[in-house]
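Peer 1: Got a file for you: upload38.tsv, TSV, C-alpha atoms.
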```
chain	number	residue	atom	x	y	z
P	1	MET	CA	14.37	-1.01	-16.36
P	2	THR	CA	12.04	-3.59	-17.87
P	3	GLU	CA	9.50	-2.06	-20.19
P	4	LYS	CA	5.81	-2.81	-19.85
P	5	THR	CA	4.00	-3.42	-23.11
P	6	ALA	CA	0.28	-3.41	-23.75
P	7	VAL	CA	-0.91	-6.36	-25.81
P	8	THR	CA	-3.96	-5.70	-27.97
P	9	PRO	CA	-5.15	-8.20	-30.57
P	10	GLU	CA	-6.69	-6.54	-33.62
P	11	THR	CA	-9.71	-8.79	-33.26
P	12	HIS	CA	-10.62	-7.33	-29.89
P	13	ASN	CA	-12.94	-4.50	-28.95
P	14	ALA	CA	-11.42	-1.59	-27.10
P	15	PRO	CA	-11.69	-2.35	-23.35
P	16	PRO	CA	-14.48	-0.43	-21.56
P	17	ALA	CA	-11.96	1.31	-19.29
P	18	ARG	CA	-8.25	2.04	-18.98
P	19	PHE	CA	-6.97	-1.49	-19.02
P	20	SER	CA	-5.29	-3.66	-21.60
P	21	HIS	CA	-6.38	-7.05	-22.89
P	22	GLY	CA	-2.86	-8.13	-22.11
P	23	VAL	CA	0.29	-6.73	-20.55
P	24	ARG	CA	3.82	-8.00	-20.81
P	25	LYS	CA	6.61	-7.00	-18.45
P	26	GLY	CA	9.82	-8.98	-18.26
P	27	ASN	CA	8.97	-12.63	-18.76
P	28	ILE	CA	5.42	-12.25	-17.43
P	29	LEU	CA	2.40	-11.95	-19.71
P	30	GLN	CA	-0.93	-11.35	-18.02
P	31	VAL	CA	-4.13	-11.81	-20.00
P	32	ALA	CA	-7.08	-9.73	-18.77
P	33	GLY	CA	-10.47	-11.34	-18.19
P	34	GLN	CA	-11.86	-12.40	-21.54
P	35	VAL	CA	-15.48	-13.13	-22.36
P	36	GLY	CA	-17.19	-14.65	-25.37
P	37	TYR	CA	-17.18	-11.64	-27.66
P	38	LEU	CA	-16.99	-12.25	-31.39
P	39	PRO	CA	-14.14	-10.59	-33.32
P	40	HIS	CA	-14.66	-6.86	-33.36
P	41	VAL	CA	-16.43	-5.32	-36.36
P	42	GLU	CA	-15.67	-1.63	-36.87
P	43	GLY	CA	-18.58	0.52	-35.76
P	44	GLN	CA	-20.42	-2.37	-34.16
P	45	PRO	CA	-20.90	-2.90	-30.41
P	46	ALA	CA	-19.35	-5.94	-28.74
P	47	THR	CA	-21.46	-9.03	-29.42
P	48	LEU	CA	-21.39	-12.36	-27.58
P	49	ALA	CA	-20.74	-15.48	-29.67
P	50	GLY	CA	-24.07	-16.88	-28.56
P	51	PRO	CA	-26.21	-17.52	-25.57
P	52	SER	CA	-24.90	-21.02	-24.85
P	53	LEU	CA	-22.08	-22.06	-22.53
P	54	ARG	CA	-20.45	-23.92	-25.42
P	55	GLU	CA	-20.41	-20.95	-27.78
P	56	GLN	CA	-19.18	-18.57	-25.11
P	57	THR	CA	-16.52	-20.88	-23.66
P	58	LEU	CA	-14.99	-21.71	-27.04
P	59	ARG	CA	-14.97	-18.05	-28.08
P	60	THR	CA	-13.54	-16.98	-24.70
P	61	LEU	CA	-10.70	-19.49	-25.00
P	62	GLU	CA	-9.98	-18.21	-28.51
P	63	ASN	CA	-9.93	-14.66	-27.17
P	64	VAL	CA	-7.42	-15.64	-24.50
P	65	ARG	CA	-5.32	-17.35	-27.17
P	66	SER	CA	-5.39	-14.20	-29.33
P	67	VAL	CA	-3.96	-12.17	-26.48
P	68	LEU	CA	-1.30	-14.78	-25.75
P	69	GLU	CA	-0.29	-14.78	-29.42
P	70	ALA	CA	-0.34	-11.00	-29.71
P	71	GLY	CA	2.13	-11.11	-26.80
P	72	SER	CA	4.38	-13.61	-28.63
P	73	ALA	CA	3.20	-16.41	-26.37
P	74	SER	CA	0.99	-19.48	-26.69
P	75	TRP	CA	-0.97	-21.87	-24.51
P	76	GLU	CA	2.35	-23.64	-23.90
P	77	ASP	CA	3.45	-20.62	-21.86
P	78	ALA	CA	0.31	-20.39	-19.73
P	79	VAL	CA	0.81	-21.39	-16.10
P	80	MET	CA	-2.61	-20.41	-14.72
P	81	ILE	CA	-6.08	-20.23	-16.20
P	82	ARG	CA	-8.83	-18.72	-14.07
P	83	VAL	CA	-12.35	-19.72	-15.05
P	84	TYR	CA	-15.32	-17.78	-13.74
P	85	LEU	CA	-18.71	-19.43	-14.22
P	86	THR	CA	-22.10	-18.23	-13.04
P	87	ASP	CA	-23.64	-21.61	-12.24
P	88	THR	CA	-22.16	-24.66	-10.51
P	89	GLY	CA	-24.37	-26.73	-12.81
P	90	HIS	CA	-22.12	-25.68	-15.71
P	91	PHE	CA	-18.93	-27.23	-14.35
P	92	ALA	CA	-19.14	-30.65	-16.04
P	93	GLU	CA	-20.12	-29.23	-19.42
P	94	MET	CA	-17.43	-26.55	-19.27
P	95	ASN	CA	-14.85	-29.24	-18.52
P	96	ASP	CA	-15.95	-31.23	-21.56
P	97	ILE	CA	-15.73	-28.15	-23.79
P	98	TYR	CA	-12.39	-27.18	-22.24
P	99	ASP	CA	-10.86	-30.62	-22.76
P	100	ALA	CA	-12.09	-30.88	-26.34
P	101	TYR	CA	-10.74	-27.41	-27.10
P	102	PHE	CA	-7.25	-28.20	-25.87
P	103	GLU	CA	-7.27	-31.59	-27.58
P	104	GLU	CA	-8.08	-29.81	-30.84
P	105	GLN	CA	-5.32	-27.29	-30.16
P	106	GLY	CA	-2.89	-30.19	-29.97
P	107	ILE	CA	-2.04	-29.40	-26.37
P	108	LYS	CA	-0.98	-32.65	-24.81
P	109	GLU	CA	-2.08	-33.19	-21.24
P	110	ALA	CA	-2.83	-30.11	-19.15
P	111	PRO	CA	-2.12	-26.64	-20.43
P	112	ALA	CA	-1.84	-25.01	-16.98
P	113	ALA	CA	-3.04	-24.94	-13.41
P	114	ARG	CA	-6.64	-23.77	-13.04
P	115	THR	CA	-9.09	-22.37	-10.52
P	116	THR	CA	-12.82	-22.34	-11.18
P	117	VAL	CA	-15.19	-20.32	-9.03
P	118	TYR	CA	-18.80	-19.20	-9.41
P	119	VAL	CA	-19.45	-15.48	-9.48
P	120	GLY	CA	-21.83	-12.91	-10.86
P	121	LEU	CA	-21.24	-11.66	-14.40
P	122	PRO	CA	-23.11	-9.09	-16.50
P	123	ALA	CA	-26.44	-10.29	-17.87
P	124	GLY	CA	-26.09	-12.94	-20.57
P	125	MET	CA	-22.46	-13.77	-19.86
P	126	LEU	CA	-21.89	-17.30	-18.62
P	127	VAL	CA	-18.11	-17.47	-18.53
P	128	GLU	CA	-15.04	-15.27	-18.12
P	129	ILE	CA	-11.45	-16.52	-18.33
P	130	ASP	CA	-8.07	-14.91	-17.64
P	131	ALA	CA	-4.57	-16.34	-17.81
P	132	LEU	CA	-1.04	-15.85	-16.55
P	133	ALA	CA	1.85	-16.83	-18.80
P	134	VAL	CA	5.58	-17.06	-18.22
P	135	LEU	CA	7.65	-16.56	-21.35
P	136	GLY	CA	11.15	-17.44	-22.39
Q	1	MET	CA	18.04	-17.88	-2.41
Q	2	THR	CA	15.75	-14.96	-3.12
Q	3	GLU	CA	14.46	-13.36	0.03
Q	4	LYS	CA	10.76	-12.74	0.55
Q	5	THR	CA	9.93	-9.39	2.08
Q	6	ALA	CA	6.66	-8.31	3.67
Q	7	VAL	CA	5.47	-4.89	2.50
Q	8	THR	CA	3.46	-2.93	5.02
Q	9	PRO	CA	2.54	0.71	4.47
Q	10	GLU	CA	2.42	2.73	7.69
Q	11	THR	CA	-1.02	3.98	6.71
Q	12	HIS	CA	-2.51	0.50	6.83
Q	13	ASN	CA	-4.26	-1.38	9.60
Q	14	ALA	CA	-2.72	-4.64	10.70
Q	15	PRO	CA	-4.27	-7.42	8.57
Q	16	PRO	CA	-6.93	-9.49	10.38
Q	17	ALA	CA	-4.86	-12.65	9.99
Q	18	ARG	CA	-1.34	-13.84	9.17
Q	19	PHE	CA	-1.00	-12.23	5.79
Q	20	SER	CA	0.83	-9.19	4.49
Q	21	HIS	CA	-0.60	-6.24	2.59
Q	22	GLY	CA	2.16	-6.89	0.10
Q	23	VAL	CA	4.94	-9.37	-0.49
Q	24	ARG	CA	7.98	-9.05	-2.68
Q	25	LYS	CA	10.09	-11.98	-3.82
Q	26	GLY	CA	12.54	-11.61	-6.67
Q	27	ASN	CA	11.02	-9.24	-9.21
Q	28	ILE	CA	7.43	-10.05	-8.21
Q	29	LEU	CA	5.40	-7.79	-5.93
Q	30	GLN	CA	1.96	-9.05	-4.98
Q	31	VAL	CA	-0.52	-6.66	-3.39
Q	32	ALA	CA	-3.13	-8.31	-1.16
Q	33	GLY	CA	-6.81	-7.51	-1.55
Q	34	GLN	CA	-7.34	-3.90	-0.51
Q	35	VAL	CA	-10.62	-2.31	0.49
Q	36	GLY	CA	-11.66	1.27	1.11
Q	37	TYR	CA	-10.25	1.72	4.60
Q	38	LEU	CA	-9.11	5.17	5.59
Q	39	PRO	CA	-5.53	5.58	6.81
Q	40	HIS	CA	-5.10	3.83	10.12
Q	41	VAL	CA	-5.48	5.87	13.31
Q	42	GLU	CA	-3.75	4.34	16.33
Q	43	GLY	CA	-6.26	2.75	18.65
Q	44	GLN	CA	-9.15	3.09	16.23
Q	45	PRO	CA	-10.82	0.26	14.35
Q	46	ALA	CA	-10.59	0.11	10.55
Q	47	THR	CA	-13.08	2.53	9.00
Q	48	LEU	CA	-14.35	2.63	5.42
Q	49	ALA	CA	-13.87	5.89	3.50
Q	50	GLY	CA	-17.60	6.12	3.00
Q	51	PRO	CA	-20.63	4.19	1.97
Q	52	SER	CA	-20.46	5.12	-1.73
Q	53	LEU	CA	-18.80	3.25	-4.57
Q	54	ARG	CA	-16.87	6.41	-5.45
Q	55	GLU	CA	-15.42	6.93	-1.99
Q	56	GLN	CA	-14.52	3.29	-1.58
Q	57	THR	CA	-13.04	2.81	-5.05
Q	58	LEU	CA	-10.80	5.88	-4.83
Q	59	ARG	CA	-9.62	4.95	-1.36
Q	60	THR	CA	-9.05	1.32	-2.40
Q	61	LEU	CA	-6.93	2.41	-5.37
Q	62	GLU	CA	-4.91	4.65	-3.06
Q	63	ASN	CA	-4.43	1.74	-0.68
Q	64	VAL	CA	-3.13	-0.42	-3.53
Q	65	ARG	CA	-0.81	2.41	-4.54
Q	66	SER	CA	0.53	2.69	-0.97
Q	67	VAL	CA	1.48	-0.97	-0.99
Q	68	LEU	CA	3.11	-0.68	-4.42
Q	69	GLU	CA	5.13	2.30	-3.21
Q	70	ALA	CA	6.07	0.67	0.09
Q	71	GLY	CA	7.47	-2.11	-2.11
Q	72	SER	CA	9.49	0.36	-4.20
Q	73	ALA	CA	7.07	0.01	-7.09
Q	74	SER	CA	4.39	2.13	-8.73
Q	75	TRP	CA	1.36	1.74	-10.97
Q	76	GLU	CA	3.81	1.60	-13.89
Q	77	ASP	CA	4.96	-1.79	-12.62
Q	78	ALA	CA	1.48	-3.28	-12.23
Q	79	VAL	CA	0.61	-5.95	-14.78
Q	80	MET	CA	-2.72	-7.11	-13.34
Q	81	ILE	CA	-5.45	-5.44	-11.35
Q	82	ARG	CA	-8.28	-7.60	-10.04
Q	83	VAL	CA	-11.46	-5.75	-9.22
Q	84	TYR	CA	-14.15	-7.39	-7.11
Q	85	LEU	CA	-17.52	-5.66	-7.09
Q	86	THR	CA	-20.71	-6.77	-5.42
Q	87	ASP	CA	-23.19	-5.54	-8.03
Q	88	THR	CA	-23.06	-5.71	-11.84
Q	89	GLY	CA	-24.91	-2.39	-11.80
Q	90	HIS	CA	-21.73	-0.76	-10.48
Q	91	PHE	CA	-19.54	-1.62	-13.47
Q	92	ALA	CA	-20.03	1.55	-15.53
Q	93	GLU	CA	-19.60	3.88	-12.56
Q	94	MET	CA	-16.52	2.01	-11.34
Q	95	ASN	CA	-14.99	2.33	-14.80
Q	96	ASP	CA	-15.58	6.10	-14.77
Q	97	ILE	CA	-13.99	6.44	-11.35
Q	98	TYR	CA	-11.14	4.13	-12.37
Q	99	ASP	CA	-10.38	6.06	-15.55
Q	100	ALA	CA	-10.51	9.45	-13.81
Q	101	TYR	CA	-8.22	8.16	-11.07
Q	102	PHE	CA	-5.54	6.99	-13.48
Q	103	GLU	CA	-5.86	10.14	-15.56
Q	104	GLU	CA	-5.23	12.15	-12.40
Q	105	GLN	CA	-2.26	9.91	-11.56
Q	106	GLY	CA	-0.77	10.85	-14.90
Q	107	ILE	CA	-0.85	7.24	-16.08
Q	108	LYS	CA	-1.12	7.38	-19.84
Q	109	GLU	CA	-3.30	4.74	-21.40
Q	110	ALA	CA	-3.91	1.56	-19.47
Q	111	PRO	CA	-2.05	0.81	-16.27
Q	112	ALA	CA	-2.44	-2.98	-16.50
Q	113	ALA	CA	-4.60	-5.90	-17.53
Q	114	ARG	CA	-7.73	-6.29	-15.45
Q	115	THR	CA	-10.43	-8.77	-14.51
Q	116	THR	CA	-13.67	-7.67	-12.88
Q	117	VAL	CA	-16.03	-10.16	-11.28
Q	118	TYR	CA	-18.98	-9.87	-8.92
Q	119	VAL	CA	-18.68	-11.57	-5.55
Q	120	GLY	CA	-19.85	-11.31	-2.00
Q	121	LEU	CA	-17.96	-9.01	0.36
Q	122	PRO	CA	-18.46	-8.22	4.05
Q	123	ALA	CA	-21.43	-5.96	4.80
Q	124	GLY	CA	-20.91	-2.39	3.62
Q	125	MET	CA	-17.97	-3.13	1.34
Q	126	LEU	CA	-18.65	-2.50	-2.33
Q	127	VAL	CA	-15.22	-3.05	-3.83
Q	128	GLU	CA	-11.99	-4.93	-3.27
Q	129	ILE	CA	-8.90	-4.68	-5.47
Q	130	ASP	CA	-5.60	-6.55	-5.61
Q	131	ALA	CA	-2.65	-6.22	-7.96
Q	132	LEU	CA	0.36	-8.06	-9.32
Q	133	ALA	CA	3.47	-6.07	-10.20
Q	134	VAL	CA	6.69	-7.00	-11.95
Q	135	LEU	CA	9.66	-4.87	-10.92
Q	136	GLY	CA	12.97	-4.11	-12.45
B	1	MET	CA	13.35	-21.92	-23.74
B	2	THR	CA	12.10	-22.43	-20.20
B	3	GLU	CA	10.34	-25.73	-19.76
B	4	LYS	CA	6.91	-25.94	-18.17
B	5	THR	CA	6.48	-28.81	-15.73
B	6	ALA	CA	3.25	-30.22	-14.36
B	7	VAL	CA	3.32	-30.76	-10.62
B	8	THR	CA	1.17	-33.61	-9.34
B	9	PRO	CA	1.34	-34.80	-5.74
B	10	GLU	CA	0.74	-38.55	-5.39
B	11	THR	CA	-1.85	-37.84	-2.72
B	12	HIS	CA	-4.09	-35.97	-5.15
B	13	ASN	CA	-6.98	-37.14	-7.26
B	14	ALA	CA	-6.64	-36.68	-11.00
B	15	PRO	CA	-8.09	-33.26	-11.86
B	16	PRO	CA	-11.59	-33.38	-13.43
B	17	ALA	CA	-10.31	-31.76	-16.63
B	18	ARG	CA	-7.10	-30.98	-18.50
B	19	PHE	CA	-5.40	-28.95	-15.85
B	20	SER	CA	-2.60	-29.63	-13.40
B	21	HIS	CA	-2.66	-29.27	-9.64
B	22	GLY	CA	0.48	-27.22	-10.08
B	23	VAL	CA	2.64	-25.89	-12.86
B	24	ARG	CA	6.19	-24.63	-12.74
B	25	LYS	CA	7.79	-22.50	-15.43
B	26	GLY	CA	10.98	-20.59	-14.78
B	27	ASN	CA	10.91	-19.39	-11.18
B	28	ILE	CA	7.09	-19.32	-11.02
B	29	LEU	CA	5.06	-22.08	-9.41
B	30	GLN	CA	1.30	-21.77	-9.64
B	31	VAL	CA	-0.89	-23.96	-7.45
B	32	ALA	CA	-4.36	-24.66	-8.86
B	33	GLY	CA	-7.45	-24.17	-6.74
B	34	GLN	CA	-7.41	-26.78	-4.00
B	35	VAL	CA	-10.35	-27.96	-1.94
B	36	GLY	CA	-10.66	-30.11	1.15
B	37	TYR	CA	-10.29	-33.52	-0.45
B	38	LEU	CA	-8.72	-36.29	1.60
B	39	PRO	CA	-5.67	-38.04	0.15
B	40	HIS	CA	-6.68	-40.07	-2.86
B	41	VAL	CA	-7.48	-43.74	-2.37
B	42	GLU	CA	-7.14	-45.83	-5.53
B	43	GLY	CA	-10.53	-46.67	-6.96
B	44	GLN	CA	-12.39	-44.33	-4.63
B	45	PRO	CA	-14.05	-41.06	-5.60
B	46	ALA	CA	-12.76	-37.77	-4.20
B	47	THR	CA	-14.01	-37.30	-0.65
B	48	LEU	CA	-14.10	-34.09	1.39
B	49	ALA	CA	-12.31	-34.13	4.76
B	50	GLY	CA	-15.57	-33.29	6.47
B	51	PRO	CA	-18.52	-31.00	6.39
B	52	SER	CA	-17.03	-28.33	8.68
B	53	LEU	CA	-15.10	-25.21	7.72
B	54	ARG	CA	-12.30	-26.32	10.06
B	55	GLU	CA	-11.86	-29.75	8.53
B	56	GLN	CA	-12.02	-28.42	4.99
B	57	THR	CA	-9.73	-25.44	5.55
B	58	LEU	CA	-7.01	-27.48	7.23
B	59	ARG	CA	-7.17	-30.16	4.55
B	60	THR	CA	-7.19	-27.54	1.78
B	61	LEU	CA	-4.09	-25.86	3.19
B	62	GLU	CA	-2.38	-29.24	3.38
B	63	ASN	CA	-3.32	-29.90	-0.24
B	64	VAL	CA	-1.79	-26.58	-1.29
B	65	ARG	CA	1.33	-27.47	0.69
B	66	SER	CA	1.57	-30.85	-1.06
B	67	VAL	CA	1.58	-29.15	-4.44
B	68	LEU	CA	4.18	-26.61	-3.32
B	69	GLU	CA	6.40	-29.43	-2.05
B	70	ALA	CA	5.89	-31.57	-5.15
B	71	GLY	CA	7.18	-28.51	-7.02
B	72	SER	CA	10.27	-28.24	-4.78
B	73	ALA	CA	8.80	-25.22	-2.99
B	74	SER	CA	7.33	-24.50	0.42
B	75	TRP	CA	5.10	-21.95	2.12
B	76	GLU	CA	8.20	-19.77	2.38
B	77	ASP	CA	8.06	-19.31	-1.39
B	78	ALA	CA	4.38	-18.38	-1.57
B	79	VAL	CA	3.71	-14.75	-2.40
B	80	MET	CA	-0.08	-14.90	-2.81
B	81	ILE	CA	-2.79	-17.05	-1.31
B	82	ARG	CA	-6.31	-16.67	-2.68
B	83	VAL	CA	-9.07	-17.83	-0.36
B	84	TYR	CA	-12.57	-18.41	-1.69
B	85	LEU	CA	-15.28	-18.79	0.92
B	86	THR	CA	-18.99	-19.20	0.41
B	87	ASP	CA	-20.22	-17.22	3.43
B	88	THR	CA	-18.99	-13.91	4.85
B	89	GLY	CA	-19.93	-15.31	8.25
B	90	HIS	CA	-16.99	-17.73	7.93
B	91	PHE	CA	-14.28	-15.06	7.73
B	92	ALA	CA	-13.37	-14.81	11.42
B	93	GLU	CA	-13.31	-18.57	11.94
B	94	MET	CA	-11.27	-19.15	8.77
B	95	ASN	CA	-8.75	-16.58	10.00
B	96	ASP	CA	-8.41	-18.38	13.31
B	97	ILE	CA	-7.88	-21.72	11.57
B	98	TYR	CA	-5.48	-20.12	9.09
B	99	ASP	CA	-3.37	-18.48	11.79
B	100	ALA	CA	-3.22	-21.62	13.91
B	101	TYR	CA	-2.21	-23.66	10.85
B	102	PHE	CA	0.70	-21.41	9.98
B	103	GLU	CA	1.78	-21.17	13.60
B	104	GLU	CA	1.90	-24.96	13.71
B	105	GLN	CA	3.86	-25.00	10.44
B	106	GLY	CA	6.45	-22.82	12.13
B	107	ILE	CA	5.88	-20.01	9.65
B	108	LYS	CA	6.77	-16.81	11.47
B	109	GLU	CA	4.60	-13.83	10.69
B	110	ALA	CA	2.70	-13.79	7.43
B	111	PRO	CA	3.29	-16.44	4.81
B	112	ALA	CA	2.11	-14.31	1.87
B	113	ALA	CA	-0.28	-11.65	0.63
B	114	ARG	CA	-3.88	-12.79	0.54
B	115	THR	CA	-7.24	-11.96	-1.00
B	116	THR	CA	-10.47	-13.42	0.37
B	117	VAL	CA	-13.72	-13.19	-1.57
B	118	TYR	CA	-17.07	-14.92	-1.29
B	119	VAL	CA	-18.20	-16.99	-4.24
B	120	GLY	CA	-20.30	-19.98	-5.13
B	121	LEU	CA	-18.70	-23.41	-4.88
B	122	PRO	CA	-20.07	-26.89	-5.62
B	123	ALA	CA	-22.49	-28.24	-3.02
B	124	GLY	CA	-20.84	-29.07	0.30
B	125	MET	CA	-17.61	-27.20	-0.40
B	126	LEU	CA	-16.99	-24.28	1.94
B	127	VAL	CA	-13.50	-23.22	0.92
B	128	GLU	CA	-11.13	-23.25	-2.05
B	129	ILE	CA	-7.55	-21.95	-1.98
B	130	ASP	CA	-4.91	-21.38	-4.63
B	131	ALA	CA	-1.40	-19.96	-4.39
B	132	LEU	CA	1.35	-18.33	-6.40
B	133	ALA	CA	4.96	-19.02	-5.46
B	134	VAL	CA	8.24	-17.54	-6.62
B	135	LEU	CA	11.17	-19.92	-6.34
B	136	GLY	CA	14.90	-19.50	-6.19
```
Now, as a test, write the supplied structure out as structure tokens.
Peer 2:
Amino acid sequence: MTEKTAVTPETHNAPPARFSHGVRKGNILQVAGQVGYLPHVEGQPATLAGPSLREQTLRTLENVRSVLEAGSASWEDAVMIRVYLTDTGHFAEMNDIYDAYFEEQGIKEAPAARTTVYVGLPAGMLVEIDALAVLG
Amino acid sequence: MTEKTAVTPETHNAPPARFSHGVRKGNILQVAGQVGYLPHVEGQPATLAGPSLREQTLRTLENVRSVLEAGSASWEDAVMIRVYLTDTGHFAEMNDIYDAYFEEQGIKEAPAARTTVYVGLPAGMLVEIDALAVLG
Amino acid sequence: MTEKTAVTPETHNAPPARFSHGVRKGNILQVAGQVGYLPHVEGQPATLAGPSLREQTLRTLENVRSVLEAGSASWEDAVMIRVYLTDTGHFAEMNDIYDAYFEEQGIKEAPAARTTVYVGLPAGMLVEIDALAVLG
């Protein structure tokens, strides 16, 4: 029997329902949908990094990374990154931010496969990202 | 060679195209997008549990569970639950229904990671849910 | 340590950002979101197979297949196919195209689980498809 382990970075707010920011079972680590929330401050409500696509995308990627690392993984283990945007006009800018982020992380070439689609998100949120990692 | 097995609960309608309600290969069980259809009645068309978010969400979760169980799995094996809603105004109520459902199922804490996004669905459908499980 | 390998069919355009058309790690092969682009012609920009749902869906499925095959997999290994459409009115026609495609591929019954949702896509694109495969 493979145990399932919840993965919860200390920097993260408690999820708004019964789900985990990350779950590991066997060699699979699934990162829940992350948004651009700043690191959690005790007693404070969740706060977005800023109104801009740049601020939110960078913070969202860092939040995904925190979950990967809390699950003993890294971007090197990610096989799929799902990007949800709210506006097709944001695609080119998100790609620029995304590429610069991974360059800065020292990730050579592509970190994973990716799908980007355009959906509705709660007011003020411009981007949500989740990831699937395979460990070992 | 790992065999791939289609998973089809007896309660479910035949899918509207060549896909399975669930597929297992190796230790991976993928549950296809489920909606709030009532258990299939021979000769009857697929019928939604009701017009409300509550009726549809509870029935959808039960339909996911049926596929998990037909694949010799349970909520304990789920690592990711994807929730598709049609209206950001439904998020808080869906979370309440979701939490109460898992409490009633005796699932302590969080059953899995989760991503919720807002998309279009066929007329009358308010929620669709799929799940990824790791067995063993 | 399981190595992660980028999977890039020769027929495909370079992705517009740092992601791979496919990634394999361990027994998991993830295919990135594919659209209806014609095989890449050196020096030419990416070009959709046509304006119609039929042309784009068939080409998109072929593009997914190319990634599966470049990763030493096939439709037989796919456990999940995610279909993104832009219009709920396209569901029935997409299903017809989908079924005929898999019949022609000699895939008996269902190739995988599937989720279909309706999202925004860049102008002119009517369908995007990604897939998860388990090898071995």
Peer 1: Which residues come within 6 Å of Thr86 (chain Q), counting only C-alpha atoms, excluding same-chain residues fewer than 4 positions away, as a ChimeraX atom specification?
Peer 2: /Q:118-120,126
Peer 1: Select, as a PyMOL selection string, those residues of chain Q with any atom no more than 7 Å from chain P (distances computed using only C-alpha atoms).
Peer 2: chain Q and resi 79-80+88+95+99+109-115+117-119+134+136
Peer 1: Mind checking which residues fall within 9 Å of Arg54 (chain B), counting all atoms listed in the file, ignoring those fewer than 4 positions away in the same chain, and posting them as a ChimeraX atom specification?
Peer 2: /B:50,58-59,93-94,97
Peer 1: Set the distance at 7 Å and use all atoms listed in the file: which residues neighbour region 68-70 of chain Q once local chain neighbours fewer than 4 positions away are removed? I'd like the list as a list in words.
Peer 2: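 In the requested format, the answer is Val7, Thr8, Pro9, Val64 and Ser74 of chain Q.
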Peer 1: For region 36-47 of chain B, work out the shell of residues within 7 Å, counting only C-alpha atoms and skipping chain neighbours fewer than 5 positions away, then give it as a PDB file with C-alpha atoms, in the coordinates of the input.
Peer 2:
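Printed below is selection.pdb as written:
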```
ATOM      1  CA  THR B  11      -1.850 -37.840  -2.720  1.00  0.00           C
ATOM      2  CA  HIS B  12      -4.090 -35.970  -5.150  1.00  0.00           C
ATOM      3  CA  ASN B  13      -6.980 -37.140  -7.260  1.00  0.00           C
ATOM      4  CA  GLN B  56     -12.020 -28.420   4.990  1.00  0.00           C
ATOM      5  CA  THR B  57      -9.730 -25.440   5.550  1.00  0.00           C
ATOM      6  CA  ARG B  59      -7.170 -30.160   4.550  1.00  0.00           C
ATOM      7  CA  THR B  60      -7.190 -27.540   1.780  1.00  0.00           C
TER       8      THR B  60
END
```
Peer 1: Would you compute the distance between CA of Val127 (chain P) and CA of Ala131 (chain Q)? Give it in Å to one decimal.
Peer 2: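 CA of Ala131 (chain Q) lies 21.8 Å from CA of Val127 (chain P).
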Peer 1: For a quick check of understanding, using all atoms listed in the file, which of B:Ala133, B:Trp75, B:Leu61, B:Ala92 has the smallest distance to Gly106 (chain B)?
Peer 2: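 Using all atoms listed in the file, the shortest distance to Gly106 (chain B) belongs to B:Trp75.
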Peer 1: So the first atom is CA of Gly124 (chain B) and the second is CA of Leu85 (chain P); what is the distance between them in Å, to one decimal place?
Peer 2: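 About the pair CA of Gly124 (chain B) and CA of Leu85 (chain P): they are 17.6 Å apart.
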Peer 1: Work out how far CA of Glu55 (chain P) is from CA of Gln105 (chain P), in Å to one decimal.
Peer 2: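 Answer for the CA of Gln105 (chain P) to CA of Glu55 (chain P) separation: 16.5 Å.
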